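K.L.:
mmCIF, C-alpha atoms, saved as input07.cif, coming up:
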```
data_coords
#
loop_
_atom_site.label_atom_id
_atom_site.label_comp_id
_atom_site.auth_asym_id
_atom_site.auth_seq_id
_atom_site.Cartn_x
_atom_site.Cartn_y
_atom_site.Cartn_z
CA MET A 1 15.56 -6.59 14.54
CA PHE A 2 13.60 -8.28 17.34
CA ALA A 3 15.06 -10.10 20.30
CA LYS A 4 13.39 -13.47 19.90
CA ALA A 5 11.74 -15.72 17.36
CA PHE A 6 8.42 -17.47 17.73
CA THR A 7 6.20 -19.91 15.86
CA PRO A 8 3.43 -17.91 14.14
CA ASN A 9 -0.08 -19.17 14.87
CA PHE A 10 -1.54 -17.55 11.77
CA TYR A 11 -1.19 -18.09 8.06
CA LEU A 12 -2.48 -16.97 4.66
CA GLU A 13 -4.55 -19.41 2.65
CA PRO A 14 -6.11 -19.01 -0.81
CA VAL A 15 -9.85 -19.71 -0.78
CA ASP A 16 -11.70 -19.40 -4.10
CA ASN A 17 -8.72 -17.49 -5.54
CA GLU A 18 -8.72 -14.99 -2.65
CA LEU A 19 -6.24 -14.88 0.21
CA GLN A 20 -7.68 -15.22 3.70
CA LEU A 21 -6.00 -14.99 7.09
CA ARG A 22 -6.40 -18.10 9.19
CA ILE A 23 -5.80 -18.08 12.93
CA GLY A 24 -4.46 -21.16 14.67
CA THR A 25 -1.80 -23.72 13.97
CA PRO A 26 -1.81 -24.40 10.25
CA SER A 27 -1.74 -27.84 8.76
CA PRO A 28 1.76 -28.11 7.33
CA ALA A 29 1.68 -27.13 3.66
CA ALA A 30 3.10 -29.80 1.40
CA PRO A 31 6.69 -28.72 0.77
CA LYS A 32 6.99 -27.54 -2.81
CA GLU A 33 10.71 -28.26 -2.85
CA LYS A 34 10.89 -25.07 -4.88
CA ARG A 35 12.50 -21.78 -3.89
CA ILE A 36 11.05 -18.47 -5.04
CA LEU A 37 13.28 -15.41 -5.36
CA VAL A 38 11.39 -12.25 -4.39
CA ILE A 39 13.17 -9.08 -5.46
CA GLY A 40 11.97 -6.09 -3.43
CA GLY A 41 11.75 -5.47 0.31
CA GLY A 42 8.73 -3.14 0.28
CA VAL A 43 5.17 -4.00 1.25
CA SER A 44 4.37 -5.68 -2.09
CA GLY A 45 7.41 -7.94 -2.06
CA MET A 46 7.21 -8.82 1.63
CA THR A 47 3.48 -9.62 1.49
CA SER A 48 4.00 -11.78 -1.61
CA ALA A 49 6.77 -13.61 0.21
CA TRP A 50 4.45 -14.28 3.17
CA ALA A 51 1.73 -15.70 0.92
CA LEU A 52 4.20 -17.89 -0.96
CA MET A 53 5.78 -19.26 2.21
CA ASP A 54 2.41 -20.27 3.61
CA GLN A 55 1.84 -22.29 0.43
CA GLY A 56 4.94 -24.36 1.09
CA TYR A 57 7.51 -22.51 -1.01
CA ASP A 58 10.94 -21.64 0.29
CA VAL A 59 11.54 -17.94 -0.22
CA THR A 60 14.60 -15.77 -0.60
CA ILE A 61 13.92 -12.02 -0.43
CA LEU A 62 16.50 -9.79 -2.05
CA SER A 63 16.63 -6.03 -1.51
CA ASP A 64 19.26 -3.34 -1.26
CA ARG A 65 17.44 -1.82 1.75
CA TRP A 66 15.13 -2.96 4.53
CA ALA A 67 12.66 -1.16 6.76
CA ASP A 68 14.50 0.90 9.36
CA ARG A 69 13.55 3.94 11.42
CA LYS A 70 16.77 5.79 10.60
CA ASN A 71 16.77 5.22 6.84
CA ARG A 72 13.17 4.64 5.82
CA ILE A 73 12.23 2.83 2.62
CA THR A 74 9.38 4.04 0.39
CA SER A 75 6.77 1.80 2.03
CA GLN A 76 7.44 3.43 5.40
CA ILE A 77 6.72 6.88 3.99
CA ALA A 78 3.32 5.90 2.61
CA GLY A 79 0.13 7.43 3.98
CA ALA A 80 -1.09 3.82 4.43
CA LEU A 81 -4.76 4.62 4.96
CA TRP A 82 -6.81 1.94 3.22
CA GLU A 83 -8.98 3.33 0.42
CA TYR A 84 -11.34 1.82 -2.06
CA PRO A 85 -9.95 2.56 -5.53
CA PRO A 86 -9.34 5.05 -6.98
CA ALA A 87 -7.41 6.58 -4.09
CA VAL A 88 -7.00 10.19 -2.92
CA CYS A 89 -3.42 10.67 -4.08
CA GLY A 90 -3.77 9.66 -7.71
CA LYS A 91 -6.37 7.86 -9.76
CA HIS A 92 -6.10 4.52 -11.46
CA THR A 93 -7.27 5.51 -14.92
CA ASP A 94 -6.68 2.19 -16.67
CA ALA A 95 -9.93 0.19 -16.74
CA ILE A 96 -8.22 -3.21 -16.45
CA SER A 97 -6.02 -2.14 -13.55
CA LEU A 98 -8.89 -0.40 -11.75
CA CYS A 99 -11.14 -3.44 -12.05
CA HIS A 100 -8.47 -5.73 -10.60
CA SER A 101 -7.56 -3.17 -7.94
CA LYS A 102 -11.07 -3.14 -6.49
CA GLY A 103 -10.89 -6.86 -5.82
CA TRP A 104 -7.34 -6.62 -4.48
CA ALA A 105 -8.35 -3.79 -2.14
CA MET A 106 -11.26 -5.78 -0.71
CA THR A 107 -9.03 -8.77 -0.03
CA SER A 108 -6.62 -6.49 1.80
CA TYR A 109 -9.41 -4.85 3.80
CA LYS A 110 -10.60 -8.22 5.10
CA ILE A 111 -7.12 -9.38 6.10
CA PHE A 112 -6.13 -6.11 7.77
CA GLU A 113 -9.40 -6.18 9.72
CA GLN A 114 -8.65 -9.75 10.80
CA ILE A 115 -5.15 -8.76 11.88
CA VAL A 116 -6.72 -6.16 14.16
CA THR A 117 -9.68 -8.13 15.49
CA LYS A 118 -8.23 -11.64 15.71
CA LEU A 119 -4.46 -11.49 15.76
CA GLY A 120 -3.70 -8.90 18.42
CA GLU A 121 -0.02 -8.57 19.22
CA THR A 122 2.47 -11.09 17.86
CA ASP A 123 4.14 -12.59 20.92
CA GLY A 124 3.99 -9.16 22.56
CA ILE A 125 5.05 -7.29 19.41
CA ASP A 126 2.62 -4.79 17.90
CA HIS A 127 1.76 -5.10 14.19
CA GLY A 128 0.85 -1.42 13.86
CA VAL A 129 -2.56 -1.88 12.20
CA ARG A 130 -5.65 -0.10 13.54
CA MET A 131 -9.21 0.28 12.32
CA ARG A 132 -10.01 4.01 12.19
CA ILE A 133 -12.90 6.10 10.97
CA ALA A 134 -11.82 7.81 7.74
CA ASN A 135 -13.76 10.90 6.61
CA PHE A 136 -13.73 12.12 3.01
CA PHE A 137 -14.89 15.66 2.22
CA PHE A 138 -15.98 17.30 -1.04
CA ASP A 139 -16.49 20.90 -2.14
CA THR A 140 -19.61 19.97 -4.11
CA PRO A 141 -22.40 17.45 -3.52
CA LEU A 142 -21.37 14.00 -4.74
CA GLU A 143 -24.07 14.26 -7.41
CA ALA A 144 -21.92 16.93 -9.08
CA ARG A 145 -18.93 14.52 -9.12
CA PRO A 146 -20.18 11.43 -11.01
CA ASP A 147 -16.92 9.55 -10.45
CA GLN A 148 -17.07 10.10 -6.69
CA LEU A 149 -20.78 9.30 -6.52
CA GLU A 150 -20.15 6.03 -8.35
CA LYS A 151 -17.33 5.22 -5.94
CA TRP A 152 -19.56 5.89 -2.91
CA GLU A 153 -22.35 3.75 -4.34
CA GLU A 154 -19.90 0.89 -4.91
CA ILE A 155 -18.66 1.23 -1.34
CA CYS A 156 -22.25 1.09 -0.09
CA SER A 157 -22.80 -2.11 -2.05
CA LEU A 158 -19.96 -3.60 0.01
CA SER A 159 -21.44 -2.70 3.40
CA HIS A 160 -21.35 -6.39 4.35
CA THR A 161 -17.56 -5.98 4.50
CA ILE A 162 -16.79 -2.28 4.82
CA LYS A 163 -18.10 -1.08 8.16
CA GLY A 164 -19.11 2.32 9.58
CA LEU A 165 -20.63 3.79 6.42
CA LYS A 166 -22.29 7.18 6.69
CA ARG A 167 -22.86 10.00 4.24
CA SER A 168 -23.87 13.39 5.63
CA ALA A 169 -22.92 17.03 5.27
CA ASP A 170 -23.23 17.14 9.07
CA LEU A 171 -19.81 15.46 9.25
CA ILE A 172 -18.30 18.77 8.19
CA GLN A 173 -19.54 20.57 11.29
CA HIS A 174 -19.02 17.52 13.50
CA HIS A 175 -15.29 17.63 12.73
CA SER A 176 -15.13 21.42 13.07
CA VAL A 177 -13.95 21.81 9.48
CA ASP A 178 -13.37 25.51 8.80
CA GLN A 179 -16.22 26.99 6.77
CA LYS A 180 -13.65 28.76 4.58
CA ALA A 181 -12.60 25.34 3.26
CA GLY A 182 -15.88 25.33 1.34
CA MET A 183 -16.83 21.71 1.96
CA LYS A 184 -20.39 20.72 0.94
CA ASP A 185 -20.57 16.93 1.30
CA ALA A 186 -18.85 14.12 3.17
CA TYR A 187 -18.88 10.43 3.95
CA GLN A 188 -17.06 8.17 6.36
CA LEU A 189 -16.11 4.53 6.69
CA LEU A 190 -14.10 2.30 9.00
CA SER A 191 -10.71 1.85 7.39
CA PRO A 192 -7.47 0.01 8.16
CA ALA A 193 -4.74 2.51 8.99
CA VAL A 194 -1.16 1.33 9.23
CA ASP A 195 1.76 2.62 11.28
CA THR A 196 4.21 1.82 8.52
CA ASP A 197 7.38 1.80 10.64
CA VAL A 198 5.89 -0.74 13.03
CA TYR A 199 4.16 -2.85 10.38
CA MET A 200 7.08 -3.17 7.97
CA MET A 201 9.43 -4.29 10.74
CA TRP A 202 6.73 -6.66 12.03
CA LEU A 203 6.45 -8.15 8.53
CA HIS A 204 10.22 -8.68 8.46
CA PHE A 205 10.01 -10.36 11.87
CA VAL A 206 7.13 -12.65 10.85
CA LEU A 207 8.90 -13.71 7.65
CA SER A 208 12.11 -14.35 9.53
CA CYS A 209 10.22 -16.57 11.99
CA LYS A 210 8.60 -18.41 9.09
CA GLY A 211 12.05 -19.17 7.68
CA ALA A 212 12.63 -16.63 4.92
CA THR A 213 16.15 -15.94 3.71
CA PHE A 214 17.15 -12.27 3.37
CA VAL A 215 19.86 -11.11 0.98
CA THR A 216 21.00 -7.49 0.90
CA GLU A 217 21.92 -6.76 -2.69
CA ARG A 218 20.88 -4.55 -5.58
CA ILE A 219 20.10 -6.13 -8.94
CA LYS A 220 20.82 -4.04 -12.02
CA GLY A 221 19.92 -4.50 -15.68
CA SER A 222 17.20 -6.50 -17.37
CA LEU A 223 15.77 -9.34 -15.28
CA LEU A 224 14.82 -11.22 -18.41
CA ASP A 225 18.39 -11.09 -19.72
CA GLN A 226 19.78 -12.48 -16.47
CA GLU A 227 16.86 -14.71 -15.49
CA GLU A 228 18.66 -18.01 -15.96
CA GLU A 229 21.72 -16.79 -14.05
CA LEU A 230 19.57 -15.57 -11.12
CA LEU A 231 17.55 -18.76 -10.97
CA SER A 232 20.76 -20.75 -10.89
CA ARG A 233 22.57 -18.54 -8.36
CA PHE A 234 19.70 -18.57 -5.87
CA ASP A 235 18.57 -22.13 -6.65
CA ALA A 236 15.16 -20.64 -7.45
CA TYR A 237 12.23 -21.90 -9.47
CA ALA A 238 10.68 -18.49 -10.20
CA ILE A 239 11.33 -14.78 -9.67
CA ILE A 240 8.91 -12.20 -8.26
CA ASN A 241 9.68 -8.66 -9.41
CA ALA A 242 8.34 -6.33 -6.71
CA THR A 243 10.83 -3.54 -7.29
CA GLY A 244 8.61 -0.47 -7.64
CA LEU A 245 10.35 2.29 -9.57
CA SER A 246 13.29 0.00 -10.34
CA ALA A 247 10.98 -1.87 -12.73
CA LEU A 248 11.83 0.92 -15.15
CA GLU A 249 15.21 -0.79 -15.49
CA LEU A 250 14.60 -4.36 -14.37
CA ALA A 251 11.41 -4.93 -16.39
CA GLY A 252 12.34 -2.51 -19.17
CA ASP A 253 9.02 -0.75 -18.53
CA GLU A 254 9.42 2.77 -19.86
CA THR A 255 5.97 3.77 -18.59
CA VAL A 256 7.14 3.62 -14.96
CA TYR A 257 7.49 7.03 -13.34
CA PRO A 258 7.65 8.58 -9.85
CA LEU A 259 4.90 10.57 -8.20
CA ARG A 260 6.71 12.48 -5.49
CA GLY A 261 4.93 12.74 -2.18
CA ALA A 262 5.63 14.01 1.31
CA ILE A 263 4.10 13.90 4.77
CA ILE A 264 4.66 16.17 7.74
CA ARG A 265 4.77 14.52 11.16
CA VAL A 266 3.36 16.47 14.12
CA LYS A 267 2.62 15.61 17.74
CA ASN A 268 -0.94 14.46 18.38
CA ASP A 269 -0.95 14.29 22.19
CA GLY A 270 -3.78 16.73 22.84
CA THR A 271 -1.63 19.45 24.41
CA LYS A 272 -1.55 22.01 21.57
CA PHE A 273 -4.85 21.16 19.86
CA PRO A 274 -7.65 18.63 20.44
CA LYS A 275 -6.30 15.16 19.75
CA LEU A 276 -7.48 13.70 16.46
CA THR A 277 -8.49 10.05 16.37
CA GLU A 278 -10.11 9.95 12.93
CA ALA A 279 -8.67 10.49 9.45
CA LEU A 280 -9.74 13.54 7.43
CA ALA A 281 -9.15 13.74 3.68
CA VAL A 282 -10.08 15.82 0.66
CA THR A 283 -9.75 13.89 -2.57
CA HIS A 284 -7.54 15.37 -5.26
CA ASP A 285 -9.76 16.71 -8.04
CA GLU A 286 -7.83 16.61 -11.32
CA THR A 287 -10.20 19.11 -12.93
CA TYR A 288 -8.36 21.82 -10.99
CA GLY A 289 -5.13 21.00 -12.82
CA THR A 290 -3.15 21.05 -9.56
CA ASP A 291 -2.77 18.89 -6.49
CA GLU A 292 -3.09 21.86 -4.16
CA ASP A 293 -6.69 21.02 -3.28
CA MET A 294 -5.61 17.83 -1.50
CA VAL A 295 -5.82 17.43 2.28
CA PHE A 296 -4.66 14.30 4.11
CA ILE A 297 -4.74 14.29 7.93
CA VAL A 298 -4.28 10.84 9.48
CA PRO A 299 -3.33 9.60 12.97
CA ARG A 300 -0.22 7.49 12.37
CA ASN A 301 -0.33 6.05 15.87
CA ASP A 302 -1.46 7.18 19.31
CA ASN A 303 0.90 10.15 19.39
CA ILE A 304 1.77 11.18 15.83
CA LEU A 305 -0.40 12.82 13.18
CA ILE A 306 0.66 12.90 9.53
CA LEU A 307 -0.27 15.78 7.23
CA GLY A 308 -0.30 15.67 3.43
CA GLY A 309 -0.27 15.68 0.60
CA ILE A 310 1.31 16.39 -2.74
CA THR A 311 1.42 14.44 -6.01
CA GLU A 312 4.28 15.58 -8.23
CA PRO A 313 4.73 13.38 -11.34
CA ASN A 314 8.19 12.73 -12.80
CA GLU A 315 9.92 14.54 -9.95
CA TRP A 316 12.86 12.37 -8.88
CA ASN A 317 14.59 14.72 -6.43
CA LEU A 318 14.16 14.20 -2.70
CA ASN A 319 15.22 17.67 -1.66
CA LEU A 320 12.14 18.95 0.15
CA THR A 321 12.16 20.58 3.60
CA VAL A 322 9.41 21.99 5.79
CA ASP A 323 10.40 25.41 4.39
CA THR A 324 10.04 24.42 0.73
CA PRO A 325 7.12 26.47 -0.70
CA VAL A 326 5.07 23.45 -1.80
CA ILE A 327 5.43 21.91 1.68
CA LYS A 328 4.55 25.17 3.40
CA ARG A 329 1.39 25.38 1.30
CA MET A 330 0.57 21.76 2.12
CA ARG A 331 0.85 22.53 5.84
CA GLU A 332 -1.24 25.70 5.42
CA ARG A 333 -4.03 23.71 3.71
CA CYS A 334 -4.17 21.30 6.62
CA ASN A 335 -3.99 24.13 9.18
CA ALA A 336 -6.84 25.95 7.45
CA PHE A 337 -8.94 22.79 7.31
CA VAL A 338 -8.96 22.07 11.05
CA PRO A 339 -8.81 25.05 13.45
CA GLY A 340 -6.06 24.65 16.03
CA LEU A 341 -3.87 22.48 13.85
CA GLU A 342 -1.58 25.46 13.23
CA ASN A 343 -0.45 25.05 16.85
CA ALA A 344 0.77 21.49 16.29
CA GLU A 345 4.44 20.94 17.01
CA TYR A 346 6.70 18.89 14.76
CA ASP A 347 7.59 15.36 15.80
CA ASP A 348 10.86 15.34 17.73
CA GLU A 349 12.23 12.46 15.66
CA THR A 350 11.53 13.79 12.18
CA ASP A 351 9.39 16.62 10.85
CA LEU A 352 9.14 15.63 7.17
CA LEU A 353 9.26 12.40 5.20
CA GLN A 354 9.35 12.29 1.41
CA GLY A 355 9.31 9.53 -1.15
CA LEU A 356 8.56 8.50 -4.71
CA ARG A 357 5.32 6.60 -5.33
CA PRO A 358 5.94 4.00 -8.08
CA PHE A 359 3.35 4.69 -10.80
CA ARG A 360 3.18 3.41 -14.37
CA GLY A 361 1.23 4.35 -17.48
CA SER A 362 -1.26 1.48 -17.28
CA ASN A 363 -1.26 1.52 -13.48
CA VAL A 364 -0.80 -1.70 -11.51
CA ARG A 365 0.91 -4.65 -13.17
CA VAL A 366 0.53 -8.09 -11.61
CA GLU A 367 1.20 -10.59 -14.37
CA ARG A 368 3.77 -12.99 -15.74
CA GLU A 369 6.50 -11.90 -18.10
CA THR A 370 5.23 -12.62 -21.61
CA ALA A 371 8.53 -12.25 -23.45
CA PRO A 372 10.36 -15.57 -23.94
CA ARG A 373 13.67 -16.46 -22.35
CA LYS A 374 16.84 -16.65 -24.39
CA ASP A 375 16.20 -20.31 -25.20
CA GLY A 376 12.64 -19.59 -26.35
CA SER A 377 10.95 -21.11 -23.29
CA HIS A 378 8.41 -19.30 -21.15
CA SER A 379 9.87 -16.92 -18.60
CA ARG A 380 9.35 -17.71 -14.92
CA ILE A 381 9.23 -14.05 -13.86
CA VAL A 382 6.10 -12.68 -12.17
CA HIS A 383 5.74 -8.91 -11.95
CA THR A 384 3.96 -7.03 -9.16
CA TYR A 385 4.62 -3.29 -9.31
CA GLY A 386 3.00 0.02 -10.23
CA GLN A 387 0.76 0.14 -7.14
CA GLY A 388 1.58 3.85 -6.79
CA GLY A 389 0.17 5.29 -3.58
CA SER A 390 -1.96 2.19 -2.92
CA GLY A 391 0.69 -0.36 -1.97
CA PHE A 392 -0.82 -1.18 1.41
CA SER A 393 -4.42 -1.02 0.19
CA LEU A 394 -3.67 -3.60 -2.52
CA SER A 395 -0.94 -5.64 -0.81
CA PHE A 396 -2.74 -8.84 0.15
CA GLY A 397 -4.87 -8.92 -2.98
CA CYS A 398 -1.84 -8.59 -5.23
CA ALA A 399 -0.01 -11.24 -3.20
CA GLY A 400 -2.83 -13.69 -3.79
CA THR A 401 -2.58 -13.12 -7.52
CA VAL A 402 1.19 -13.63 -7.35
CA VAL A 403 0.64 -17.05 -5.76
CA SER A 404 -1.86 -17.97 -8.51
CA LEU A 405 0.59 -16.94 -11.22
CA VAL A 406 3.40 -19.02 -9.71
CA GLN A 407 1.01 -21.97 -9.67
CA GLU A 408 0.25 -21.31 -13.33
CA ILE A 409 3.97 -21.61 -14.07
CA GLU A 410 4.06 -24.94 -12.20
CA ALA A 411 1.13 -26.12 -14.32
CA SER A 412 3.05 -25.20 -17.52
CA LYS A 413 0.38 -22.73 -18.60
CA PRO A 414 1.46 -20.05 -21.08
CA PRO A 415 1.70 -16.47 -19.76
CA ALA A 416 -1.00 -13.91 -20.54
CA LYS A 417 -1.54 -10.20 -20.05
CA MET A 418 -3.93 -8.88 -17.42
CA GLU A 419 -7.43 -8.80 -18.87
CA LEU A 420 -10.68 -7.16 -17.84
CA VAL A 421 -12.62 -10.38 -18.28
CA ASN A 422 -10.55 -12.18 -15.66
CA ALA A 423 -10.97 -9.50 -13.00
CA VAL A 424 -13.59 -9.59 -10.30
CA CYS A 425 -15.05 -6.08 -10.28
CA TYR A 426 -16.90 -5.33 -7.07
#
```
In structure tokens, how does this file's structure come out?
P.N.:
Amino acid sequence: MFAKAFTPNFYLEPVDNELQLRIGTPSPAAPKEKRILVIGGGVSGMTSAWALMDQGYDVTILSDRWADRKNRITSQIAGALWEYPPAVCGKHTDAISLCHSKGWAMTSYKIFEQIVTKLGETDGIDHGVRMRIANFFFDTPLEARPDQLEKWEEICSLSHTIKGLKRSADLIQHHSVDQKAGMKDAYQLLSPAVDTDVYMMWLHFVLSCKGATFVTERIKGSLLDQEEELLSRFDAYAIINATGLSALELAGDETVYPLRGAIIRVKNDGTKFPKLTEALAVTHDETYGTDEDMVFIVPRNDNILILGGITEPNEWNLNLTVDTPVIKRMRERCNAFVPGLENAEYDDETDLLQGLRPFRGSNVRVERETAPRKDGSHSRIVHTYGQGGSGFSLSFGCAGTVVSLVQEIEASKPPAKMELVNAVCY
């Protein structure tokens, strides 16, 4: 994937149960003499693998597909603009999951910011992460949307970490938002924004340099039923299930479902319309009973702008084109939001990307398998899936919890369900 290997001068370290990025040559972690099998090559699985390796575990990552520009995986199709939960494209409604997700998101914010400010390029290879101003617009004052007002107030309470906070209706005019869009209020913050193609391949490169083993294979059936066979075949101590929608089968979780999404890619070089350098978004308001109030305009990199979005639950087909009515309406919403955007030309490489966000009924699940193995002993499976459209926003936080759960297994502690009392709600 990349021409040369290198010795990374950065590592992830748990501090007070929270992952932190350390820069410099790490003190060698005591070898665990244990191999962890991570199933899933998306952002959740790869970030978990990174965190585990830096704690001294050997890691094998198994996936049927890897990040590639010609055949993109789900993580590459993500909007990948960091958001404080709940996110634009679909709310976390489960109180336990939402409480955990706020802590996970803050961990991820700090690490992404450190990647930008301290890491720079990796031996000349870009990681694809940038800190961008993200603007969120509303068609009523926040006081008329108690959930959004509460979210803003929580964000303000985190101003020691989240930078660039400003709330003002003047942002509407400042960004030349069309008056016909009917926006009445807005706020902005400095947010990590990820070029997913670049970042996912950078992650693969970093893990390869750290010594990860990659196996291209698809696992079918119940993980619990074949746990002992998988542990034996891969000489593994524990299994991390980071399989997204495949958890429907592998974890037997019937609450898992897809939320179909799509993004249009257009040129953002300043020739057809003024170049956009900040993200512009209108949060999906479920009271409308449709997702066709949603606007998502984000610079993917220096030359590409992505336009979204849609949230279509239980839609498994990936048969959309730029001429599909729902996609045409999505483009029209974005065009109507920012004058001049209708002149934007499609990206030469690809005009539309579509994928299935992996949601579940109780939202994010990062916990150990509670069902016993065939011999009655505790399972050594750790689940991390259901992140939906927030995979990048939660990635490092979830990975830190995965490490803690593996350490629980080593300490012979019994498994337990995620609980509100154990979460750190910001």
K.L.:
How would you write, as a PDB file with C-alpha atoms, in the coordinates of the input, the residues chosen by the PyMOL selection byres ((chain A and resi 399) around 10) on this structure?
P.N.:
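Result file is result-v4.pdb:
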```
ATOM      1  CA  GLU A  18      -8.720 -14.990  -2.650  1.00  0.00           C
ATOM      2  CA  LEU A  19      -6.240 -14.880   0.210  1.00  0.00           C
ATOM      3  CA  VAL A  43       5.170  -4.000   1.250  1.00  0.00           C
ATOM      4  CA  SER A  44       4.370  -5.680  -2.090  1.00  0.00           C
ATOM      5  CA  GLY A  45       7.410  -7.940  -2.060  1.00  0.00           C
ATOM      6  CA  MET A  46       7.210  -8.820   1.630  1.00  0.00           C
ATOM      7  CA  THR A  47       3.480  -9.620   1.490  1.00  0.00           C
ATOM      8  CA  SER A  48       4.000 -11.780  -1.610  1.00  0.00           C
ATOM      9  CA  ALA A  49       6.770 -13.610   0.210  1.00  0.00           C
ATOM     10  CA  TRP A  50       4.450 -14.280   3.170  1.00  0.00           C
ATOM     11  CA  ALA A  51       1.730 -15.700   0.920  1.00  0.00           C
ATOM     12  CA  LEU A  52       4.200 -17.890  -0.960  1.00  0.00           C
ATOM     13  CA  TRP A 104      -7.340  -6.620  -4.480  1.00  0.00           C
ATOM     14  CA  THR A 107      -9.030  -8.770  -0.030  1.00  0.00           C
ATOM     15  CA  SER A 108      -6.620  -6.490   1.800  1.00  0.00           C
ATOM     16  CA  VAL A 366       0.530  -8.090 -11.610  1.00  0.00           C
ATOM     17  CA  THR A 384       3.960  -7.030  -9.160  1.00  0.00           C
ATOM     18  CA  LEU A 394      -3.670  -3.600  -2.520  1.00  0.00           C
ATOM     19  CA  SER A 395      -0.940  -5.640  -0.810  1.00  0.00           C
ATOM     20  CA  PHE A 396      -2.740  -8.840   0.150  1.00  0.00           C
ATOM     21  CA  GLY A 397      -4.870  -8.920  -2.980  1.00  0.00           C
ATOM     22  CA  CYS A 398      -1.840  -8.590  -5.230  1.00  0.00           C
ATOM     23  CA  GLY A 400      -2.830 -13.690  -3.790  1.00  0.00           C
ATOM     24  CA  THR A 401      -2.580 -13.120  -7.520  1.00  0.00           C
ATOM     25  CA  VAL A 402       1.190 -13.630  -7.350  1.00  0.00           C
ATOM     26  CA  VAL A 403       0.640 -17.050  -5.760  1.00  0.00           C
ATOM     27  CA  SER A 404      -1.860 -17.970  -8.510  1.00  0.00           C
ATOM     28  CA  LEU A 405       0.590 -16.940 -11.220  1.00  0.00           C
TER      29      LEU A 405
END
```
K.L.:
Would you work out the distance separating CA of Ile219 (chain A) from CA of Thr311 (chain A), expressed in Å to one decimal?
P.N.:
27.9 Å
K.L.:
Go through A:Ile409, A:Ile36, A:Met53, A:Leu318 and flag the residue nearest Lys210 (chain A), using only C-alpha atoms for the distances.
P.N.:
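Closest to Lys210 (chain A), using only C-alpha atoms: A:Met53.
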K.L.:
Do a neighbour search on Ala78 (chain A) at 12 Å with only C-alpha atoms, toss out local chain neighbours closer than 3 positions, and write the hits as number ranges by chain.
P.N.:
A: 42-43, 72-75, 81-82, 89, 193-197, 199-200, 259-264, 296, 298, 300, 306-310, 353-358, 387-393
K.L.:
Just to confirm, what's the straight-line distance from CA of Phe136 (chain A) to CA of Tyr84 (chain A) in Å (one decimal)?
P.N.:
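Spanning CA of Phe136 (chain A) to CA of Tyr84 (chain A) is a straight-line distance of 11.7 Å.
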K.L.:
Pull out every residue that the PyMOL selection byres ((chain A and resi 140) around 10) matches in the shown coordinates and put them as a list of chain:residue names.
P.N.:
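For this structure, the PyMOL selection byres ((chain A and resi 140) around 10) resolves to A:Phe137, A:Phe138, A:Asp139, A:Pro141, A:Leu142, A:Glu143, A:Ala144, A:Arg145, A:Gly182, A:Met183, A:Lys184, A:Asp185, A:Ala186.
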K.L.:
Using all atoms listed in the file, which residues sit within 8 Å of Pro258 (chain A) once same-chain residues fewer than 5 positions away are excluded, as a VMD selection string?
P.N.:
chain A and resid 245 312 to 316 356 to 359
K.L.:
Write out as a count of residues only which residues come within 7 Å of Val116 (chain A) when counting all atoms listed in the file, dropping same-chain ones fewer than 3 positions away.
P.N.:
6
K.L.:
Output as a Markdown table one row per residue of region 334-404 of chain A within 12 Å of region 223-240 of chain A: the closest atom pair and its distance in Å to one decimal place, counting only C-alpha atoms, sorted by chain and residue number ascending.
P.N.:
```
| residue | atom | partner | partner_atom | distance |
| --- | --- | --- | --- | --- |
| A:Val366 | CA | A:Ile240 | CA | 9.9 |
| A:Glu367 | CA | A:Ile240 | CA | 10.0 |
| A:Arg368 | CA | A:Ile240 | CA | 9.1 |
| A:Glu369 | CA | A:Leu224 | CA | 8.4 |
| A:Thr370 | CA | A:Leu224 | CA | 10.2 |
| A:Ala371 | CA | A:Leu224 | CA | 8.1 |
| A:Pro372 | CA | A:Leu224 | CA | 8.3 |
| A:Arg373 | CA | A:Leu224 | CA | 6.7 |
| A:Lys374 | CA | A:Asp225 | CA | 7.4 |
| A:Asp375 | CA | A:Glu228 | CA | 9.8 |
| A:Gly376 | CA | A:Leu224 | CA | 11.7 |
| A:Ser377 | CA | A:Glu228 | CA | 11.1 |
| A:His378 | CA | A:Leu224 | CA | 10.7 |
| A:Ser379 | CA | A:Leu224 | CA | 7.6 |
| A:Arg380 | CA | A:Ala238 | CA | 5.0 |
| A:Ile381 | CA | A:Ile239 | CA | 4.7 |
| A:Val382 | CA | A:Ile240 | CA | 4.8 |
| A:His383 | CA | A:Ile240 | CA | 5.9 |
| A:Thr384 | CA | A:Ile240 | CA | 7.2 |
| A:Tyr385 | CA | A:Ile240 | CA | 9.9 |
| A:Cys398 | CA | A:Ile240 | CA | 11.7 |
| A:Ala399 | CA | A:Ile240 | CA | 10.3 |
| A:Thr401 | CA | A:Ile240 | CA | 11.6 |
| A:Val402 | CA | A:Ile240 | CA | 7.9 |
| A:Val403 | CA | A:Ile240 | CA | 9.9 |
```
K.L.:
Suppose you want the space between CA of Pro85 (chain A) and CA of Thr255 (chain A); what is it in Å?
P.N.:
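CA of Thr255 (chain A) lies 20.6 Å from CA of Pro85 (chain A).
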K.L.:
Could you give me, as a list in words, the residues within 12 Å of Lys267 (chain A), counting all atoms listed in the file and dropping anything in the same chain fewer than 6 positions from it?
P.N.:
Phe273, Pro274, Lys275, Leu276, Val298, Pro299, Arg300, Asn301, Asp302, Asn303, Ile304, Leu305, Ile306, Leu307, Leu341, Glu342, Asn343, Ala344, Glu345, Tyr346, Asp347, Asp348, Glu349, Thr350 and Asp351 of chain A
K.L.:
Got a sec to resolve the PyMOL selection byres ((chain A and resi 97) around 9) on this structure and send the residues as a list of chain:residue names?
P.N.:
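Taken on the displayed file, the PyMOL selection byres ((chain A and resi 97) around 9) yields the residues A:His92, A:Thr93, A:Asp94, A:Ala95, A:Ile96, A:Leu98, A:Cys99, A:His100, A:Ser101, A:Lys102, A:Ser362, A:Asn363, A:Val364, A:Arg365, A:Met418, A:Glu419, A:Leu420, A:Ala423.
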